[in-house]
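**Student:** One structure coming up, written as structure tokens, with questions to follow.
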Amino acid sequence: MRILIIEPFYTGSHKQWADGYQKHSQHEIRILSMKGQFWKWRMHGGAVTLANQFNEMAWTPDLIIATDMLDLTTFLSLTKKLSYKIPTAIYFHENQLTYPWSPEDRDIQNKRDTHYGFINYSSALVADKIFFNSKFHMNSFINELHPFLKQFPDHQELDSINIIRSRSEVLYLGMELERFDQYKVDKTGRPLILWNHRWEYDKNPELFFAILKKVKDDELDFGLVVLGENFSQSPSIFDKAKEIFKDNICHWGYSESFSEYAEWLWKANILPVTSNQEFFGASVMEAIYCNTWPILPRRLTYPELMPIDNQSDHIYENENDLYKKIVYLINDQNELKMTRIRSVAKQFDWSAMAPVYDKRFSECI
């Protein structure tokens, strides 16, 4: 079976997902992609560029899989002479209906933020099959469609929600986790608290550093490891935190090499997650695979991914509960060092997920 993956935002977890499936699938996988930058322009114009590339290919896939960053309707209209008989699916890593935009974004300020959500809606409507990376993601997207469509003046097409629902299912993220194994090191010394997410508004760094400031003011000793991609317009809290926690910092900034990144995940002990939104949590699963103890908000996707027996230890209800769990772990380091939680993440390694993907995508034909 021949599968074409179309990814206008080919970087980070999007790139890792496409490359990982291509590497581990039994099918023949090709990838049409664009550099992962200017995300709004990719959602507007990426379909035109990628349609031109598709029309020039001397290769016909049995299935086209787009991601949520593609305007699938525009792509199909520009490739109709070649694509009209090819089944299509869309994979939602995230969506622009429920994604928490920064209040500083110019489109929010100018009240023109609905178009990107409409691209996701229309792309889902035209696809033959719709896959979401978690049940939480699927439900939040479908539940948001009614208020989203109701805001328009007429011909709101509310019945289309049922069409989208009938074509939707969950297909958890596949990940390259076993590559962490060769960099395993022991967890020693004072407890290391980890941040390994993008330095962006939606990850809620304000709350993360506010909670750690409270822990620091209680004169509890911990190290701080801050990883993840940082951008030119990263939230200013990172500059402030670098000064506040200068005596705690063991590493600060993006790791250029995977080996360095992996070693820090193995060394880390505690992963407090404060994100405003998370549809799956790839960086969280990477840390869990390296036996880093996660403390995760109940309000997002994590209760779905965390076994019920572990939830009292790893799921927090509110900010005070998060603070108490961090303090408890710092004061009880024996429990930290005994953690063996990696099995929660191991199920998402491509060794397990690729056969599932192959079967699901074969059923799309």
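Here's how to read the names in the structure tokens: chain A, B, ... by the order shown, residue numbers from 1 in each chain, ligand numbers from 1 in the order shown.
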Env of Trp350 in chain A: 8 Å cut, atoms = only C-alpha atoms, seq-sep filter 2 positions within chain, self excluded. Answer as a ChimeraX atom specification.
**Tutor:** /A:20-21,24,174-177,348,352-354
**Student:** Any chance you can output those residues with C-alpha atoms as a compact mmCIF listing (two decimals), in the first residue's frame?
**Tutor:**
# COMPACT_ATOMS: atom_id res chain seq x y z
CA GLY A 20 8.72 7.81 12.60
CA TYR A 21 5.76 6.29 10.82
CA HIS A 24 8.43 1.78 10.98
CA GLY A 174 3.28 7.07 17.69
CA MET A 175 6.71 8.02 19.05
CA GLU A 176 10.41 7.11 18.75
CA LEU A 177 10.91 6.28 22.44
CA PHE A 348 3.18 4.61 22.36
CA ALA A 352 3.71 -1.05 19.18
CA MET A 353 1.94 1.73 17.27
CA ALA A 354 3.13 1.17 13.67
**Student:** Could you find all residues in range 47-205 of chain A that DSSP calls alpha helix (DSSP H) from the backbone, and write them as a PyMOL selection string?
**Tutor:** chain A and resi 47-55+72-78+80-83+106-109+114-126+135-150+160-166+205
**Student:** Can you check which parts of range 61-152 of chain A lie within 8 Å of range 285-307 of chain A? Per residue, the shortest pair of atoms and distance in Å to one decimal, counting only C-alpha atoms, sorted by chain and number, as CSV.
**Tutor:**
residue,atom,partner,partner_atom,distance
A:Ser134,CA,A:Thr301,CA,7.2
A:Lys135,CA,A:Glu304,CA,7.6
A:Phe136,CA,A:Thr301,CA,5.3
A:His137,CA,A:Thr301,CA,7.4
**Student:** Now that the selection is made, can you save its residues with N, CA and C atoms as a PDB file, in the first residue's frame?
**Tutor:**
ATOM      1  N   SER A 134      -5.945  11.871  20.648  1.00  0.00           N
ATOM      2  CA  SER A 134      -6.472  11.453  21.945  1.00  0.00           C
ATOM      3  C   SER A 134      -7.988  11.588  21.937  1.00  0.00           C
ATOM      4  N   LYS A 135      -8.646  10.893  22.843  1.00  0.00           N
ATOM      5  CA  LYS A 135     -10.092  11.014  22.993  1.00  0.00           C
ATOM      6  C   LYS A 135     -10.453  12.414  23.468  1.00  0.00           C
ATOM      7  N   PHE A 136      -9.650  12.951  24.382  1.00  0.00           N
ATOM      8  CA  PHE A 136      -9.863  14.318  24.863  1.00  0.00           C
ATOM      9  C   PHE A 136      -9.866  15.295  23.694  1.00  0.00           C
ATOM     10  N   HIS A 137      -8.929  15.132  22.782  1.00  0.00           N
ATOM     11  CA  HIS A 137      -8.824  16.019  21.623  1.00  0.00           C
ATOM     12  C   HIS A 137     -10.050  15.879  20.726  1.00  0.00           C
TER      13      HIS A 137
END
**Student:** Could you jot down the CA of Ile330 in chain A to CA of Lys184 in chain A separation for me, Å, one decimal place?
**Tutor:**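 Going from CA of Ile330 in chain A over to CA of Lys184 in chain A, I get 22.1 Å.
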**Student:** Write out as an MDAnalysis selection string which residues come within 8 Å of Gln26 in chain A when counting only C-alpha atoms, dropping same-chain ones fewer than 2 positions away.
**Tutor:** chainID A and resid 24 28 355 358
**Student:** So that I can see what lies close to Ser283 in chain A, please list as a count of residues only the residues with an atom at most 10 Å from it, counting only C-alpha atoms and leaving out residues fewer than 4 positions away in the same chain.
**Tutor:** 10
**Student:** Which of these, A:Lys203, A:Lys214, A:His14, A:Arg179, has the shortest distance to Glu94 in chain A once you count only C-alpha atoms?
**Tutor:**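 Counting only C-alpha atoms, the residue closest to Glu94 in chain A is A:His14.
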**Student:** Under the rule that only C-alpha atoms are counted, which of A:Glu157, A:Asp349, A:Glu319, A:Glu363 is the nearest residue to Glu178 in chain A?
**Tutor:** A:Asp349
**Student:** Excluding same-chain residues fewer than 2 positions from Leu329 in chain A, what lies within 12 Å of it counting only C-alpha atoms, as a PyMOL selection string?
**Tutor:** chain A and resi 190-193+215+220-222+269-272+292-295+313-314+322-327+331-339
**Student:** Write out as a compact mmCIF listing (two decimals) with C-alpha atoms, in the first residue's frame all residues of range 40-240 of chain A that DSSP puts in strand (DSSP E) for this structure's backbone.
**Tutor:**
# COMPACT_ATOMS: atom_id res chain seq x y z
CA LEU A 63 -4.21 7.00 0.47
CA ILE A 64 -3.51 10.66 1.22
CA ILE A 65 -3.04 11.61 4.88
CA ALA A 66 -2.98 15.33 5.63
CA THR A 67 -2.33 16.91 9.01
CA THR A 88 -8.16 11.03 2.13
CA ALA A 89 -7.67 11.14 5.87
CA ILE A 90 -6.66 13.94 8.20
CA TYR A 91 -4.64 13.56 11.40
CA PHE A 92 -5.18 16.20 14.08
CA LYS A 129 -11.59 9.69 7.73
CA ILE A 130 -10.57 11.87 10.68
CA PHE A 131 -8.03 10.78 13.28
CA PHE A 132 -7.30 12.51 16.60
CA SER A 168 -13.84 10.49 13.60
CA GLU A 169 -11.81 8.12 15.76
CA VAL A 170 -8.83 8.14 18.11
CA LEU A 192 15.85 17.84 39.49
CA ILE A 193 12.67 19.57 38.33
CA LEU A 194 12.19 19.49 34.55
CA TRP A 195 10.65 21.75 31.91
CA GLY A 223 17.79 21.66 40.76
CA LEU A 224 16.09 23.09 37.68
CA VAL A 225 16.51 21.85 34.11
CA VAL A 226 14.82 23.98 31.43
**Student:** Tell me, as a PDB file with N, CA and C atoms, in the first residue's frame, which residues lie within 12 Å of Pro8 in chain A, counting only C-alpha atoms; anything in the same chain fewer than 2 positions away does not count.
**Tutor:**
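Done, and the output landed in result-v5.pdb:
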ATOM      1  N   ILE A   5       1.911  11.256   3.028  1.00  0.00           N
ATOM      2  CA  ILE A   5       1.672  12.153   4.163  1.00  0.00           C
ATOM      3  C   ILE A   5       1.975  13.577   3.708  1.00  0.00           C
ATOM      4  N   ILE A   6       1.046  14.482   3.938  1.00  0.00           N
ATOM      5  CA  ILE A   6       1.228  15.887   3.560  1.00  0.00           C
ATOM      6  C   ILE A   6       1.335  16.718   4.823  1.00  0.00           C
ATOM      7  N   TYR A  10       6.577  21.044   8.833  1.00  0.00           N
ATOM      8  CA  TYR A  10       7.455  19.885   9.012  1.00  0.00           C
ATOM      9  C   TYR A  10       8.588  20.220   9.981  1.00  0.00           C
ATOM     10  N   THR A  11       8.237  20.198  11.256  1.00  0.00           N
ATOM     11  CA  THR A  11       9.225  20.435  12.314  1.00  0.00           C
ATOM     12  C   THR A  11       8.696  19.853  13.620  1.00  0.00           C
ATOM     13  N   HIS A  14       5.552  17.237  14.734  1.00  0.00           N
ATOM     14  CA  HIS A  14       4.936  16.917  13.442  1.00  0.00           C
ATOM     15  C   HIS A  14       5.931  16.147  12.566  1.00  0.00           C
ATOM     16  N   LYS A  15       7.145  16.619  12.512  1.00  0.00           N
ATOM     17  CA  LYS A  15       8.193  15.965  11.716  1.00  0.00           C
ATOM     18  C   LYS A  15       8.524  14.586  12.293  1.00  0.00           C
ATOM     19  N   ALA A  18       5.757  12.066  11.343  1.00  0.00           N
ATOM     20  CA  ALA A  18       5.788  11.641   9.946  1.00  0.00           C
ATOM     21  C   ALA A  18       6.997  10.752   9.665  1.00  0.00           C
ATOM     22  N   ILE A  31       6.533  11.551   1.888  1.00  0.00           N
ATOM     23  CA  ILE A  31       6.148  12.761   2.626  1.00  0.00           C
ATOM     24  C   ILE A  31       6.309  13.984   1.729  1.00  0.00           C
ATOM     25  N   LEU A  32       5.238  14.750   1.576  1.00  0.00           N
ATOM     26  CA  LEU A  32       5.302  16.075   0.960  1.00  0.00           C
ATOM     27  C   LEU A  32       5.287  17.088   2.097  1.00  0.00           C
ATOM     28  N   SER A  33       6.269  17.983   2.129  1.00  0.00           N
ATOM     29  CA  SER A  33       6.370  18.850   3.308  1.00  0.00           C
ATOM     30  C   SER A  33       6.880  20.235   2.955  1.00  0.00           C
ATOM     31  N   MET A  34       6.727  21.133   3.922  1.00  0.00           N
ATOM     32  CA  MET A  34       7.298  22.472   3.872  1.00  0.00           C
ATOM     33  C   MET A  34       7.951  22.751   5.223  1.00  0.00           C
ATOM     34  N   LYS A  35       8.881  23.663   5.236  1.00  0.00           N
ATOM     35  CA  LYS A  35       9.589  24.000   6.464  1.00  0.00           C
ATOM     36  C   LYS A  35       8.605  24.487   7.534  1.00  0.00           C
ATOM     37  N   GLY A  36       8.823  24.070   8.769  1.00  0.00           N
ATOM     38  CA  GLY A  36       7.922  24.414   9.865  1.00  0.00           C
ATOM     39  C   GLY A  36       8.134  25.814  10.405  1.00  0.00           C
ATOM     40  N   GLN A  37       7.596  26.796   9.726  1.00  0.00           N
ATOM     41  CA  GLN A  37       7.644  28.185  10.188  1.00  0.00           C
ATOM     42  C   GLN A  37       6.437  28.928   9.606  1.00  0.00           C
ATOM     43  N   PHE A  38       6.153  30.122  10.134  1.00  0.00           N
ATOM     44  CA  PHE A  38       5.041  30.952   9.651  1.00  0.00           C
ATOM     45  C   PHE A  38       3.734  30.146   9.616  1.00  0.00           C
ATOM     46  N   TRP A  39       3.327  29.634  10.773  1.00  0.00           N
ATOM     47  CA  TRP A  39       2.240  28.660  10.795  1.00  0.00           C
ATOM     48  C   TRP A  39       0.949  29.182  10.170  1.00  0.00           C
ATOM     49  N   LYS A  40       0.649  30.452  10.348  1.00  0.00           N
ATOM     50  CA  LYS A  40      -0.586  30.988   9.766  1.00  0.00           C
ATOM     51  C   LYS A  40      -0.522  30.981   8.243  1.00  0.00           C
ATOM     52  N   TRP A  41       0.620  31.338   7.711  1.00  0.00           N
ATOM     53  CA  TRP A  41       0.776  31.327   6.262  1.00  0.00           C
ATOM     54  C   TRP A  41       0.773  29.900   5.735  1.00  0.00           C
ATOM     55  N   ARG A  42       1.284  28.953   6.505  1.00  0.00           N
ATOM     56  CA  ARG A  42       1.224  27.557   6.081  1.00  0.00           C
ATOM     57  C   ARG A  42      -0.231  27.100   5.977  1.00  0.00           C
ATOM     58  N   MET A  43      -1.055  27.506   6.920  1.00  0.00           N
ATOM     59  CA  MET A  43      -2.459  27.107   6.876  1.00  0.00           C
ATOM     60  C   MET A  43      -3.201  27.787   5.733  1.00  0.00           C
ATOM     61  N   HIS A  44      -2.808  29.008   5.389  1.00  0.00           N
ATOM     62  CA  HIS A  44      -3.438  29.708   4.267  1.00  0.00           C
ATOM     63  C   HIS A  44      -2.900  29.219   2.927  1.00  0.00           C
ATOM     64  N   GLY A  45      -1.593  29.288   2.750  1.00  0.00           N
ATOM     65  CA  GLY A  45      -1.002  29.096   1.428  1.00  0.00           C
ATOM     66  C   GLY A  45      -0.294  27.793   1.197  1.00  0.00           C
ATOM     67  N   GLY A  46      -0.052  27.021   2.250  1.00  0.00           N
ATOM     68  CA  GLY A  46       0.697  25.777   2.092  1.00  0.00           C
ATOM     69  C   GLY A  46       0.031  24.816   1.127  1.00  0.00           C
ATOM     70  N   ALA A  47      -1.289  24.797   1.096  1.00  0.00           N
ATOM     71  CA  ALA A  47      -2.010  23.872   0.213  1.00  0.00           C
ATOM     72  C   ALA A  47      -1.702  24.143  -1.253  1.00  0.00           C
ATOM     73  N   VAL A  48      -1.495  25.402  -1.624  1.00  0.00           N
ATOM     74  CA  VAL A  48      -1.205  25.741  -3.020  1.00  0.00           C
ATOM     75  C   VAL A  48       0.169  25.198  -3.417  1.00  0.00           C
ATOM     76  N   THR A  49       1.160  25.455  -2.569  1.00  0.00           N
ATOM     77  CA  THR A  49       2.517  24.979  -2.849  1.00  0.00           C
ATOM     78  C   THR A  49       2.568  23.461  -2.904  1.00  0.00           C
ATOM     79  N   LEU A  50       1.932  22.811  -1.949  1.00  0.00           N
ATOM     80  CA  LEU A  50       1.983  21.355  -1.890  1.00  0.00           C
ATOM     81  C   LEU A  50       1.151  20.706  -2.994  1.00  0.00           C
ATOM     82  N   ALA A  51       0.086  21.377  -3.426  1.00  0.00           N
ATOM     83  CA  ALA A  51      -0.687  20.879  -4.565  1.00  0.00           C
ATOM     84  C   ALA A  51       0.167  20.899  -5.834  1.00  0.00           C
ATOM     85  N   GLN A  53       3.394  20.603  -5.964  1.00  0.00           N
ATOM     86  CA  GLN A  53       4.353  19.501  -5.839  1.00  0.00           C
ATOM     87  C   GLN A  53       3.685  18.157  -6.144  1.00  0.00           C
ATOM     88  N   ILE A  65      -2.830  11.218   3.486  1.00  0.00           N
ATOM     89  CA  ILE A  65      -3.040  11.609   4.880  1.00  0.00           C
ATOM     90  C   ILE A  65      -2.501  13.015   5.059  1.00  0.00           C
ATOM     91  N   ALA A  66      -3.380  13.956   5.339  1.00  0.00           N
ATOM     92  CA  ALA A  66      -2.985  15.333   5.634  1.00  0.00           C
ATOM     93  C   ALA A  66      -2.959  15.526   7.138  1.00  0.00           C
ATOM     94  N   THR A  67      -2.243  16.534   7.597  1.00  0.00           N
ATOM     95  CA  THR A  67      -2.326  16.912   9.008  1.00  0.00           C
ATOM     96  C   THR A  67      -3.173  18.171   9.142  1.00  0.00           C
ATOM     97  N   ASP A  68      -3.437  18.543  10.362  1.00  0.00           N
ATOM     98  CA  ASP A  68      -4.330  19.670  10.649  1.00  0.00           C
ATOM     99  C   ASP A  68      -3.807  21.006  10.149  1.00  0.00           C
ATOM    100  N   MET A  69      -2.533  21.093   9.757  1.00  0.00           N
ATOM    101  CA  MET A  69      -1.983  22.353   9.264  1.00  0.00           C
ATOM    102  C   MET A  69      -2.265  22.570   7.783  1.00  0.00           C
ATOM    103  N   LEU A  70      -2.886  21.615   7.113  1.00  0.00           N
ATOM    104  CA  LEU A  70      -3.184  21.739   5.688  1.00  0.00           C
ATOM    105  C   LEU A  70      -4.638  22.136   5.456  1.00  0.00           C
ATOM    106  N   ASP A  71      -4.851  23.070   4.544  1.00  0.00           N
ATOM    107  CA  ASP A  71      -6.198  23.376   4.049  1.00  0.00           C
ATOM    108  C   ASP A  71      -6.521  22.306   3.004  1.00  0.00           C
ATOM    109  N   LEU A  72      -7.124  21.220   3.463  1.00  0.00           N
ATOM    110  CA  LEU A  72      -7.339  20.062   2.597  1.00  0.00           C
ATOM    111  C   LEU A  72      -8.306  20.380   1.462  1.00  0.00           C
ATOM    112  N   PHE A  75      -6.300  22.056  -1.262  1.00  0.00           N
ATOM    113  CA  PHE A  75      -5.395  21.076  -1.870  1.00  0.00           C
ATOM    114  C   PHE A  75      -6.143  20.160  -2.840  1.00  0.00           C
TER     115      PHE A  75
END
**Student:** For each of A:Gln277, A:Gln151, A:Gln96, A:Asn162, take the minimum atom-to-atom distance to Phe118 in chain A, counting only C-alpha atoms, then give the residue where this is smallest.
**Tutor:**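 Between A:Gln277, A:Gln151, A:Gln96, A:Asn162, the residue approaching Phe118 in chain A most closely is A:Gln96.
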**Student:** Report the distance between CA of Ser122 in chain A and CA of Leu78 in chain A in Å, rounded to one decimal place.
**Tutor:**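 Value for the CA of Ser122 in chain A-CA of Leu78 in chain A distance: 15.5 Å.
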**Student:** Rounded to one decimal place, report the CA of Phe208 in chain A-CA of Ser275 in chain A distance in Å.
**Tutor:**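 CA of Phe208 in chain A sits 8.7 Å away from CA of Ser275 in chain A.
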**Student:** Would you list the contacts of Ile161 in chain A as a ChimeraX atom specification, taking every protein, DNA or RNA residue within 12 Å and counting only C-alpha atoms, but skipping same-chain residues closer than 5 positions in sequence?
**Tutor:** /A:121-122,124-125,139,141-150,156,166-168
**Student:** Take the selection from the previous step and output its residues with N, CA and C atoms, as a CSV table (one decimal), in the first residue's frame.
**Tutor:**
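Saved file part.csv follows:
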chain,number,residue,atom,x,y,z
A,121,TYR,N,-12.2,23.0,10.3
A,121,TYR,CA,-13.6,22.4,10.2
A,121,TYR,C,-13.8,21.9,8.7
A,122,SER,N,-13.5,22.8,7.7
A,122,SER,CA,-13.8,22.4,6.4
A,122,SER,C,-12.9,21.2,5.9
A,124,ALA,N,-11.8,18.8,7.9
A,124,ALA,CA,-12.4,17.6,8.5
A,124,ALA,C,-13.7,17.2,7.7
A,125,LEU,N,-14.4,18.1,7.2
A,125,LEU,CA,-15.7,17.8,6.5
A,125,LEU,C,-15.4,17.1,5.2
A,139,ASN,N,-13.1,14.8,21.4
A,139,ASN,CA,-14.3,15.3,22.0
A,139,ASN,C,-14.3,16.8,22.1
A,141,PHE,N,-12.8,19.0,20.2
A,141,PHE,CA,-13.0,19.5,18.9
A,141,PHE,C,-14.5,19.4,18.4
A,142,ILE,N,-15.0,18.2,18.6
A,142,ILE,CA,-16.4,18.0,18.1
A,142,ILE,C,-17.4,18.9,19.0
A,143,ASN,N,-17.2,18.9,20.3
A,143,ASN,CA,-18.1,19.7,21.1
A,143,ASN,C,-18.0,21.2,20.8
A,144,GLU,N,-16.8,21.7,20.3
A,144,GLU,CA,-16.7,23.1,20.1
A,144,GLU,C,-17.3,23.5,18.7
A,145,LEU,N,-17.6,22.5,17.9
A,145,LEU,CA,-18.1,22.9,16.5
A,145,LEU,C,-19.5,23.6,16.6
A,146,HIS,N,-20.3,23.2,17.5
A,146,HIS,CA,-21.7,23.8,17.6
A,146,HIS,C,-21.6,25.3,17.9
A,147,PRO,N,-20.9,25.7,19.0
A,147,PRO,CA,-20.8,27.1,19.3
A,147,PRO,C,-20.0,27.9,18.2
A,148,PHE,N,-19.0,27.2,17.6
A,148,PHE,CA,-18.3,27.8,16.5
A,148,PHE,C,-19.1,28.2,15.3
A,149,LEU,N,-20.0,27.2,14.9
A,149,LEU,CA,-20.8,27.4,13.7
A,149,LEU,C,-22.0,28.4,14.0
A,150,LYS,N,-22.4,28.4,15.3
A,150,LYS,CA,-23.6,29.2,15.7
A,150,LYS,C,-23.2,30.7,15.6
A,156,GLN,N,-25.8,27.9,8.9
A,156,GLN,CA,-24.8,27.4,9.9
A,156,GLN,C,-24.4,26.0,9.7
A,166,SER,N,-19.2,11.1,12.8
A,166,SER,CA,-19.3,9.7,12.3
A,166,SER,C,-18.0,9.2,11.6
A,167,ARG,N,-17.2,10.2,11.2
A,167,ARG,CA,-15.9,9.8,10.5
A,167,ARG,C,-14.7,9.9,11.4
A,168,SER,N,-14.9,10.2,12.7
A,168,SER,CA,-13.8,10.5,13.6
A,168,SER,C,-13.5,9.3,14.5
